[in-house]
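*Asks:* Got target-v4.pdb for you, PDB, C-alpha atoms, pLDDT in the B column:
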```pdb
MODEL        1
ATOM      1  CA  MET A   1     109.434 117.972  95.660  1.00 62.00           C
ATOM      2  CA  VAL A   2     112.662 116.252  94.628  1.00 70.00           C
ATOM      3  CA  TRP A   3     114.164 116.605  98.114  1.00 64.00           C
ATOM      4  CA  TRP A   4     110.972 115.192  99.631  1.00 66.00           C
ATOM      5  CA  LEU A   5     111.167 112.140  97.332  1.00 69.00           C
ATOM      6  CA  ARG A   6     114.820 111.653  98.259  1.00 75.00           C
ATOM      7  CA  THR A   7     114.214 112.125 101.968  1.00 74.00           C
ATOM      8  CA  ARG A   8     111.290 109.691 101.982  1.00 79.00           C
ATOM      9  CA  GLN A   9     113.414 107.111 100.149  1.00 85.00           C
ATOM     10  CA  VAL A  10     110.588 106.333  97.731  1.00 88.00           C
ATOM     11  CA  PRO A  11     112.629 103.685  95.839  1.00 90.00           C
ATOM     12  CA  ILE A  12     112.473 101.501  98.975  1.00 92.00           C
ATOM     13  CA  LEU A  13     108.679 101.862  98.985  1.00 93.00           C
ATOM     14  CA  VAL A  14     108.581 100.987  95.272  1.00 94.00           C
ATOM     15  CA  ALA A  15     110.664  97.876  96.020  1.00 96.00           C
ATOM     16  CA  ALA A  16     108.197  96.943  98.797  1.00 95.00           C
ATOM     17  CA  LEU A  17     105.259  97.363  96.389  1.00 96.00           C
ATOM     18  CA  THR A  18     107.050  95.201  93.824  1.00 96.00           C
ATOM     19  CA  ALA A  19     107.683  92.493  96.420  1.00 96.00           C
ATOM     20  CA  TYR A  20     104.017  92.733  97.460  1.00 96.00           C
ATOM     21  CA  ALA A  21     102.894  92.255  93.850  1.00 95.00           C
ATOM     22  CA  ALA A  22     105.245  89.289  93.410  1.00 95.00           C
ATOM     23  CA  LEU A  23     104.071  87.608  96.630  1.00 94.00           C
ATOM     24  CA  ALA A  24     100.401  88.219  95.806  1.00 94.00           C
ATOM     25  CA  ALA A  25     100.888  86.726  92.340  1.00 93.00           C
ATOM     26  CA  ALA A  26     102.901  83.767  93.626  1.00 93.00           C
ATOM     27  CA  ALA A  27     100.513  83.070  96.508  1.00 91.00           C
ATOM     28  CA  GLY A  28      97.228  83.462  94.621  1.00 86.00           C
ATOM     29  CA  ASP A  29      94.680  81.275  96.405  1.00 87.00           C
ATOM     30  CA  THR A  30      97.315  79.116  98.126  1.00 88.00           C
ATOM     31  CA  LEU A  31      96.302  78.112 101.639  1.00 84.00           C
ATOM     32  CA  VAL A  32      98.764  77.142 104.356  1.00 85.00           C
ATOM     33  CA  SER A  33      98.133  75.425 107.640  1.00 81.00           C
ATOM     34  CA  LEU A  34      99.300  77.629 110.505  1.00 76.00           C
ATOM     35  CA  PRO A  35      99.204  77.196 114.271  1.00 72.00           C
ATOM     36  CA  SER A  36      96.054  78.448 115.967  1.00 71.00           C
ATOM     37  CA  LEU A  37      94.566  78.370 119.451  1.00 70.00           C
ATOM     38  CA  GLY A  38      91.178  77.516 117.939  1.00 65.00           C
ATOM     39  CA  SER A  39      90.377  74.830 115.422  1.00 65.00           C
ATOM     40  CA  GLU A  40      92.930  74.132 112.697  1.00 68.00           C
ATOM     41  CA  THR A  41      92.057  76.171 109.624  1.00 74.00           C
ATOM     42  CA  ALA A  42      94.177  76.779 106.546  1.00 80.00           C
ATOM     43  CA  ARG A  43      94.870  80.465 105.917  1.00 86.00           C
ATOM     44  CA  PRO A  44      95.730  82.237 102.655  1.00 89.00           C
ATOM     45  CA  LEU A  45      99.426  82.837 102.093  1.00 90.00           C
ATOM     46  CA  VAL A  46      98.602  86.229 100.587  1.00 93.00           C
ATOM     47  CA  LEU A  47      97.748  87.358 104.132  1.00 93.00           C
ATOM     48  CA  PHE A  48     101.419  88.212 104.632  1.00 95.00           C
ATOM     49  CA  ALA A  49     101.829  90.354 101.480  1.00 95.00           C
ATOM     50  CA  PRO A  50     100.505  93.615 103.022  1.00 96.00           C
ATOM     51  CA  LEU A  51     103.192  93.438 105.701  1.00 96.00           C
ATOM     52  CA  LEU A  52     105.799  94.154 103.024  1.00 96.00           C
ATOM     53  CA  ILE A  53     104.088  97.427 102.130  1.00 96.00           C
ATOM     54  CA  CYS A  54     103.651  98.354 105.797  1.00 95.00           C
ATOM     55  CA  MET A  55     107.383  97.963 106.358  1.00 94.00           C
ATOM     56  CA  GLY A  56     108.253  99.964 103.227  1.00 94.00           C
ATOM     57  CA  LEU A  57     105.809 102.767 104.002  1.00 94.00           C
ATOM     58  CA  GLY A  58     106.840 102.845 107.661  1.00 91.00           C
ATOM     59  CA  HIS A  59     110.459 103.247 106.590  1.00 90.00           C
ATOM     60  CA  ALA A  60     109.578 105.948 104.065  1.00 89.00           C
ATOM     61  CA  LEU A  61     107.541 107.996 106.530  1.00 87.00           C
ATOM     62  CA  SER A  62     110.152 107.674 109.268  1.00 85.00           C
ATOM     63  CA  SER A  63     112.847 109.085 106.964  1.00 80.00           C
ATOM     64  CA  ARG A  64     112.494 112.678 107.996  1.00 69.00           C
ATOM     65  CA  LEU A  65     114.381 115.906 108.339  1.00 64.00           C
ATOM     66  CA  PRO A  66     112.365 117.418 111.209  1.00 60.00           C
ATOM     67  CA  ALA A  67     114.085 120.810 111.307  1.00 56.00           C
ATOM     68  CA  ALA A  68     113.844 121.394 107.559  1.00 56.00           C
ATOM     69  CA  GLU A  69     110.306 120.052 107.332  1.00 57.00           C
ATOM     70  CA  SER A  70     108.971 122.202 110.162  1.00 60.00           C
ATOM     71  CA  SER A  71     110.588 125.394 108.867  1.00 57.00           C
ATOM     72  CA  GLY A  72     109.934 124.853 105.156  1.00 58.00           C
ATOM     73  CA  SER A  73     107.065 126.265 103.158  1.00 63.00           C
ATOM     74  CA  ARG A  74     106.129 123.030 101.408  1.00 68.00           C
ATOM     75  CA  PRO A  75     103.080 121.113 102.677  1.00 77.00           C
ATOM     76  CA  VAL A  76     105.066 118.050 103.806  1.00 79.00           C
ATOM     77  CA  PRO A  77     102.194 116.528 105.850  1.00 82.00           C
ATOM     78  CA  ARG A  78      99.915 116.704 102.792  1.00 88.00           C
ATOM     79  CA  LEU A  79     102.611 115.094 100.648  1.00 88.00           C
ATOM     80  CA  ASP A  80     102.934 112.326 103.232  1.00 89.00           C
ATOM     81  CA  GLN A  81      99.149 111.805 103.223  1.00 92.00           C
ATOM     82  CA  ALA A  82      99.203 111.661  99.430  1.00 92.00           C
ATOM     83  CA  LEU A  83     102.012 109.093  99.579  1.00 93.00           C
ATOM     84  CA  VAL A  84      99.926 106.925 101.914  1.00 95.00           C
ATOM     85  CA  LEU A  85      96.849 107.123  99.689  1.00 97.00           C
ATOM     86  CA  VAL A  86      98.795 106.441  96.478  1.00 96.00           C
ATOM     87  CA  THR A  87     100.422 103.442  98.154  1.00 97.00           C
ATOM     88  CA  VAL A  88      97.079 102.008  99.287  1.00 97.00           C
ATOM     89  CA  VAL A  89      95.389 102.602  95.931  1.00 97.00           C
ATOM     90  CA  THR A  90      98.334 100.927  94.180  1.00 97.00           C
ATOM     91  CA  ALA A  91      98.064  97.932  96.526  1.00 96.00           C
ATOM     92  CA  ILE A  92      94.316  97.623  95.880  1.00 96.00           C
ATOM     93  CA  VAL A  93      94.788  97.847  92.108  1.00 96.00           C
ATOM     94  CA  VAL A  94      97.561  95.237  92.181  1.00 96.00           C
ATOM     95  CA  ALA A  95      95.364  92.907  94.259  1.00 95.00           C
ATOM     96  CA  GLN A  96      92.503  93.338  91.780  1.00 95.00           C
ATOM     97  CA  ILE A  97      94.773  92.646  88.806  1.00 95.00           C
ATOM     98  CA  VAL A  98      96.230  89.529  90.425  1.00 94.00           C
ATOM     99  CA  SER A  99      92.744  88.337  91.362  1.00 93.00           C
ATOM    100  CA  VAL A 100      91.444  88.748  87.816  1.00 94.00           C
ATOM    101  CA  LEU A 101      94.497  87.486  85.920  1.00 94.00           C
ATOM    102  CA  LEU A 102      95.031  84.432  88.095  1.00 92.00           C
ATOM    103  CA  ASN A 103      91.347  83.871  88.905  1.00 92.00           C
ATOM    104  CA  ALA A 104      92.363  83.932  92.562  1.00 90.00           C
ATOM    105  CA  GLN A 105      89.552  85.493  94.572  1.00 89.00           C
ATOM    106  CA  VAL A 106      91.426  85.207  97.886  1.00 90.00           C
ATOM    107  CA  ALA A 107      94.259  87.364  96.487  1.00 90.00           C
ATOM    108  CA  ASN A 108      91.730  90.183  96.324  1.00 90.00           C
ATOM    109  CA  THR A 109      91.793  90.472 100.126  1.00 93.00           C
ATOM    110  CA  ALA A 110      95.381  91.766  99.997  1.00 94.00           C
ATOM    111  CA  GLY A 111      94.224  95.260  98.978  1.00 95.00           C
ATOM    112  CA  ARG A 112      91.645  95.537 101.755  1.00 96.00           C
ATOM    113  CA  ASN A 113      94.096  94.150 104.302  1.00 97.00           C
ATOM    114  CA  THR A 114      96.773  96.598 103.175  1.00 97.00           C
ATOM    115  CA  ALA A 115      94.398  99.515 103.783  1.00 97.00           C
ATOM    116  CA  PHE A 116      93.506  98.205 107.237  1.00 97.00           C
ATOM    117  CA  LEU A 117      97.074  97.419 108.324  1.00 97.00           C
ATOM    118  CA  ILE A 118      98.486 100.724 107.051  1.00 97.00           C
ATOM    119  CA  GLY A 119      95.757 102.592 108.939  1.00 97.00           C
ATOM    120  CA  LEU A 120      96.580 100.561 112.038  1.00 97.00           C
ATOM    121  CA  MET A 121     100.280 101.334 111.641  1.00 96.00           C
ATOM    122  CA  LEU A 122      99.639 105.064 111.243  1.00 95.00           C
ATOM    123  CA  CYS A 123      97.367 105.159 114.306  1.00 95.00           C
ATOM    124  CA  ALA A 124     100.012 103.277 116.299  1.00 94.00           C
ATOM    125  CA  ARG A 125     102.607 105.757 115.026  1.00 92.00           C
ATOM    126  CA  ARG A 126     100.516 108.604 116.445  1.00 90.00           C
ATOM    127  CA  LEU A 127     100.492 106.938 119.861  1.00 90.00           C
ATOM    128  CA  ALA A 128     103.969 105.419 120.066  1.00 88.00           C
ATOM    129  CA  GLY A 129     106.171 106.743 117.258  1.00 84.00           C
ATOM    130  CA  TYR A 130     107.401 105.143 114.045  1.00 81.00           C
ATOM    131  CA  GLN A 131     109.646 102.434 115.419  1.00 82.00           C
ATOM    132  CA  PRO A 132     106.990 100.611 117.485  1.00 86.00           C
ATOM    133  CA  ALA A 133     104.309 101.350 114.866  1.00 91.00           C
ATOM    134  CA  VAL A 134     105.874  99.079 112.251  1.00 90.00           C
ATOM    135  CA  ILE A 135     105.398  96.155 114.639  1.00 94.00           C
ATOM    136  CA  ALA A 136     101.637  96.791 115.014  1.00 95.00           C
ATOM    137  CA  PRO A 137     100.556  95.246 111.653  1.00 96.00           C
ATOM    138  CA  VAL A 138     102.760  92.185 112.197  1.00 96.00           C
ATOM    139  CA  ALA A 139     101.410  91.768 115.724  1.00 95.00           C
ATOM    140  CA  TRP A 140      97.818  92.084 114.445  1.00 95.00           C
ATOM    141  CA  VAL A 141      98.264  89.422 111.756  1.00 94.00           C
ATOM    142  CA  ILE A 142      99.992  86.976 114.109  1.00 91.00           C
ATOM    143  CA  THR A 143      97.440  87.531 116.874  1.00 90.00           C
ATOM    144  CA  MET A 144      94.528  87.056 114.471  1.00 89.00           C
ATOM    145  CA  LEU A 145      96.068  83.837 113.178  1.00 86.00           C
ATOM    146  CA  LEU A 146      96.321  82.553 116.739  1.00 85.00           C
ATOM    147  CA  VAL A 147      92.942  83.627 118.116  1.00 83.00           C
ATOM    148  CA  GLY A 148      90.922  84.546 115.026  1.00 79.00           C
ATOM    149  CA  ASN A 149      88.872  81.384 115.100  1.00 76.00           C
ATOM    150  CA  ALA A 150      89.024  80.591 118.792  1.00 63.00           C
ATOM    151  CA  GLY A 151      86.082  78.690 120.147  1.00 57.00           C
ATOM    152  CA  GLY A 152      86.590  75.466 118.289  1.00 56.00           C
ATOM    153  CA  ASN A 153      83.787  75.908 115.747  1.00 60.00           C
ATOM    154  CA  GLY A 154      86.205  76.715 112.913  1.00 63.00           C
ATOM    155  CA  ARG A 155      84.453  79.978 112.053  1.00 75.00           C
ATOM    156  CA  THR A 156      86.522  83.123 111.748  1.00 81.00           C
ATOM    157  CA  GLN A 157      85.624  85.875 114.188  1.00 81.00           C
ATOM    158  CA  PRO A 158      84.395  89.011 112.339  1.00 81.00           C
ATOM    159  CA  TRP A 159      86.623  91.374 114.350  1.00 86.00           C
ATOM    160  CA  THR A 160      89.755  89.865 112.810  1.00 90.00           C
ATOM    161  CA  ILE A 161      89.207  91.909 109.601  1.00 93.00           C
ATOM    162  CA  VAL A 162      92.263  90.453 107.788  1.00 93.00           C
ATOM    163  CA  LEU A 163      90.928  86.884 107.879  1.00 91.00           C
ATOM    164  CA  MET A 164      87.532  87.700 106.404  1.00 91.00           C
ATOM    165  CA  PRO A 165      86.621  86.628 102.837  1.00 90.00           C
ATOM    166  CA  PRO A 166      86.957  89.112  99.946  1.00 90.00           C
ATOM    167  CA  ASP A 167      83.216  89.888  99.803  1.00 91.00           C
ATOM    168  CA  HIS A 168      82.832  90.656 103.526  1.00 93.00           C
ATOM    169  CA  LEU A 169      81.366  94.190 103.563  1.00 95.00           C
ATOM    170  CA  PRO A 170      81.889  94.949 107.293  1.00 95.00           C
ATOM    171  CA  ALA A 171      85.595  94.120 106.896  1.00 95.00           C
ATOM    172  CA  ALA A 172      85.833  96.530 103.943  1.00 95.00           C
ATOM    173  CA  ILE A 173      84.101  99.256 105.959  1.00 96.00           C
ATOM    174  CA  ALA A 174      86.404  98.661 108.949  1.00 96.00           C
ATOM    175  CA  ALA A 175      89.461  98.798 106.673  1.00 97.00           C
ATOM    176  CA  THR A 176      88.277 102.065 105.135  1.00 97.00           C
ATOM    177  CA  ALA A 177      87.597 103.592 108.555  1.00 97.00           C
ATOM    178  CA  MET A 178      90.999 102.501 109.910  1.00 97.00           C
ATOM    179  CA  LEU A 179      92.754 103.922 106.848  1.00 97.00           C
ATOM    180  CA  ALA A 180      90.874 107.221 107.213  1.00 97.00           C
ATOM    181  CA  LEU A 181      91.913 107.471 110.875  1.00 96.00           C
ATOM    182  CA  GLY A 182      95.493 106.682 109.916  1.00 95.00           C
ATOM    183  CA  VAL A 183      95.621 109.273 107.124  1.00 95.00           C
ATOM    184  CA  ILE A 184      94.136 111.923 109.418  1.00 95.00           C
ATOM    185  CA  SER A 185      96.816 111.161 112.018  1.00 92.00           C
ATOM    186  CA  VAL A 186      99.736 111.525 109.575  1.00 89.00           C
ATOM    187  CA  PRO A 187     100.350 115.279 110.118  1.00 82.00           C
ATOM    188  CA  ALA A 188     100.212 114.988 113.921  1.00 77.00           C
ATOM    189  CA  ASP A 189     103.381 114.414 115.919  1.00 68.00           C
ATOM    190  CA  PRO A 190     103.578 111.179 117.882  1.00 72.00           C
ATOM    191  CA  VAL A 191     102.356 111.451 121.467  1.00 69.00           C
ATOM    192  CA  LEU A 192     105.512 109.613 122.557  1.00 61.00           C
ATOM    193  CA  ARG A 193     108.716 110.719 120.880  1.00 57.00           C
ATOM    194  CA  ASP A 194     110.874 108.168 119.073  1.00 50.00           C
ATOM    195  CA  ALA A 195     114.132 107.441 120.867  1.00 46.00           C
ATOM    196  CA  ARG A 196     117.023 108.836 118.881  1.00 44.00           C
TER     197      ARG A 196
ENDMDL
END
```
Can you dump the structure from the file as structure tokens?
*Replies:*
Amino acid sequence: MVWWLRTRQVPILVAALTAYAALAAAAGDTLVSLPSLGSETARPLVLFAPLLICMGLGHALSSRLPAAESSGSRPVPRLDQALVLVTVVTAIVVAQIVSVLLNAQVANTAGRNTAFLIGLMLCARRLAGYQPAVIAPVAWVITMLLVGNAGGNGRTQPWTIVLMPPDHLPAAIAATAMLALGVISVPADPVLRDAR
């Protein structure tokens, strides 16, 4: 277990979770005006907090010793799945705490968005490997900011997931489903091998 923790460089993930908590607390309900192809709508700053965890978790899961892990008797894929779930649960709890302590309801979306973006990253990792997978959550957030309310009516499109309000049930269901797909894909090797 100790070698797995060292190999996965868990302190980097802990630092990412700490930075996530700090950004969520600092951002709270703060809205920023960002470029969009639709109508101009202010977006919550906390939208970017989950990207910190995605980068930390992507780094942790890509820190591997393939020969030792494939020949060892420890259930490394199950440990990796547990790491993903503990990370997501921690992010959700932190978002809830920030939301309650600061009375910032928008900060509550950070937990749901973390679950969705980590699931997206893990699914992308299955298809393309770890290095391109870390870009997937960033690309999703940027794309949703640009086209998430296209059409000029100022309303956010429901398929954006990350831009939906905290009480949007379909977004929570989509985030849960994406996370489940991502966790299931953790033990599988990428379809395309990472370039070494």
*Asks:* I'd like to know which of A:Arg78, A:Arg126, A:Arg112, A:His59 is closest to Ala177 (chain A), using all atoms listed in the file.
*Replies:*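 Between A:Arg78, A:Arg126, A:Arg112, A:His59, the residue approaching Ala177 (chain A) most closely is A:Arg112.
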*Asks:* Counting all atoms listed in the file, which of A:Leu13, A:Ile53, A:Val100, A:Leu120 gets nearest to Ala139 (chain A)?
*Replies:*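 Among the listed residues, A:Leu120 lies closest to Ala139 (chain A).
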*Asks:* Please identify all polymer residues within 12 Å of Ile118 (chain A), counting only C-alpha atoms, omitting same-chain residues fewer than 6 positions from it, and present them as a VMD selection string.
*Replies:* chain A and resid 50 to 58 61 81 83 to 85 87 to 89 91 110 to 112 124 to 125 133 to 138 140 175 to 183 185 to 186
*Asks:* Using the chain letters and numbers from the file, give me the residues hit by the PyMOL selection byres ((chain A and resi 33-47) around 12), as number ranges by chain.
*Replies:* A: 19-32, 48-52, 95, 98-99, 104-114, 117, 137-138, 140-157, 161-166
*Asks:* State, in Å with one decimal place, the distance from CA of Pro190 (chain A) to CA of Tyr130 (chain A).
*Replies:*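 Distance between the two atoms: 8.1 Å.
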*Asks:* Name the closest residue to Ile184 (chain A) among the candidates A:Leu169, A:Leu122, A:Leu17, A:Ala128; distances are taken between atoms, counting all atoms listed in the file.
*Replies:*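 Going through A:Leu169, A:Leu122, A:Leu17, A:Ala128 one by one, the smallest distance to Ile184 (chain A) is for A:Leu122.
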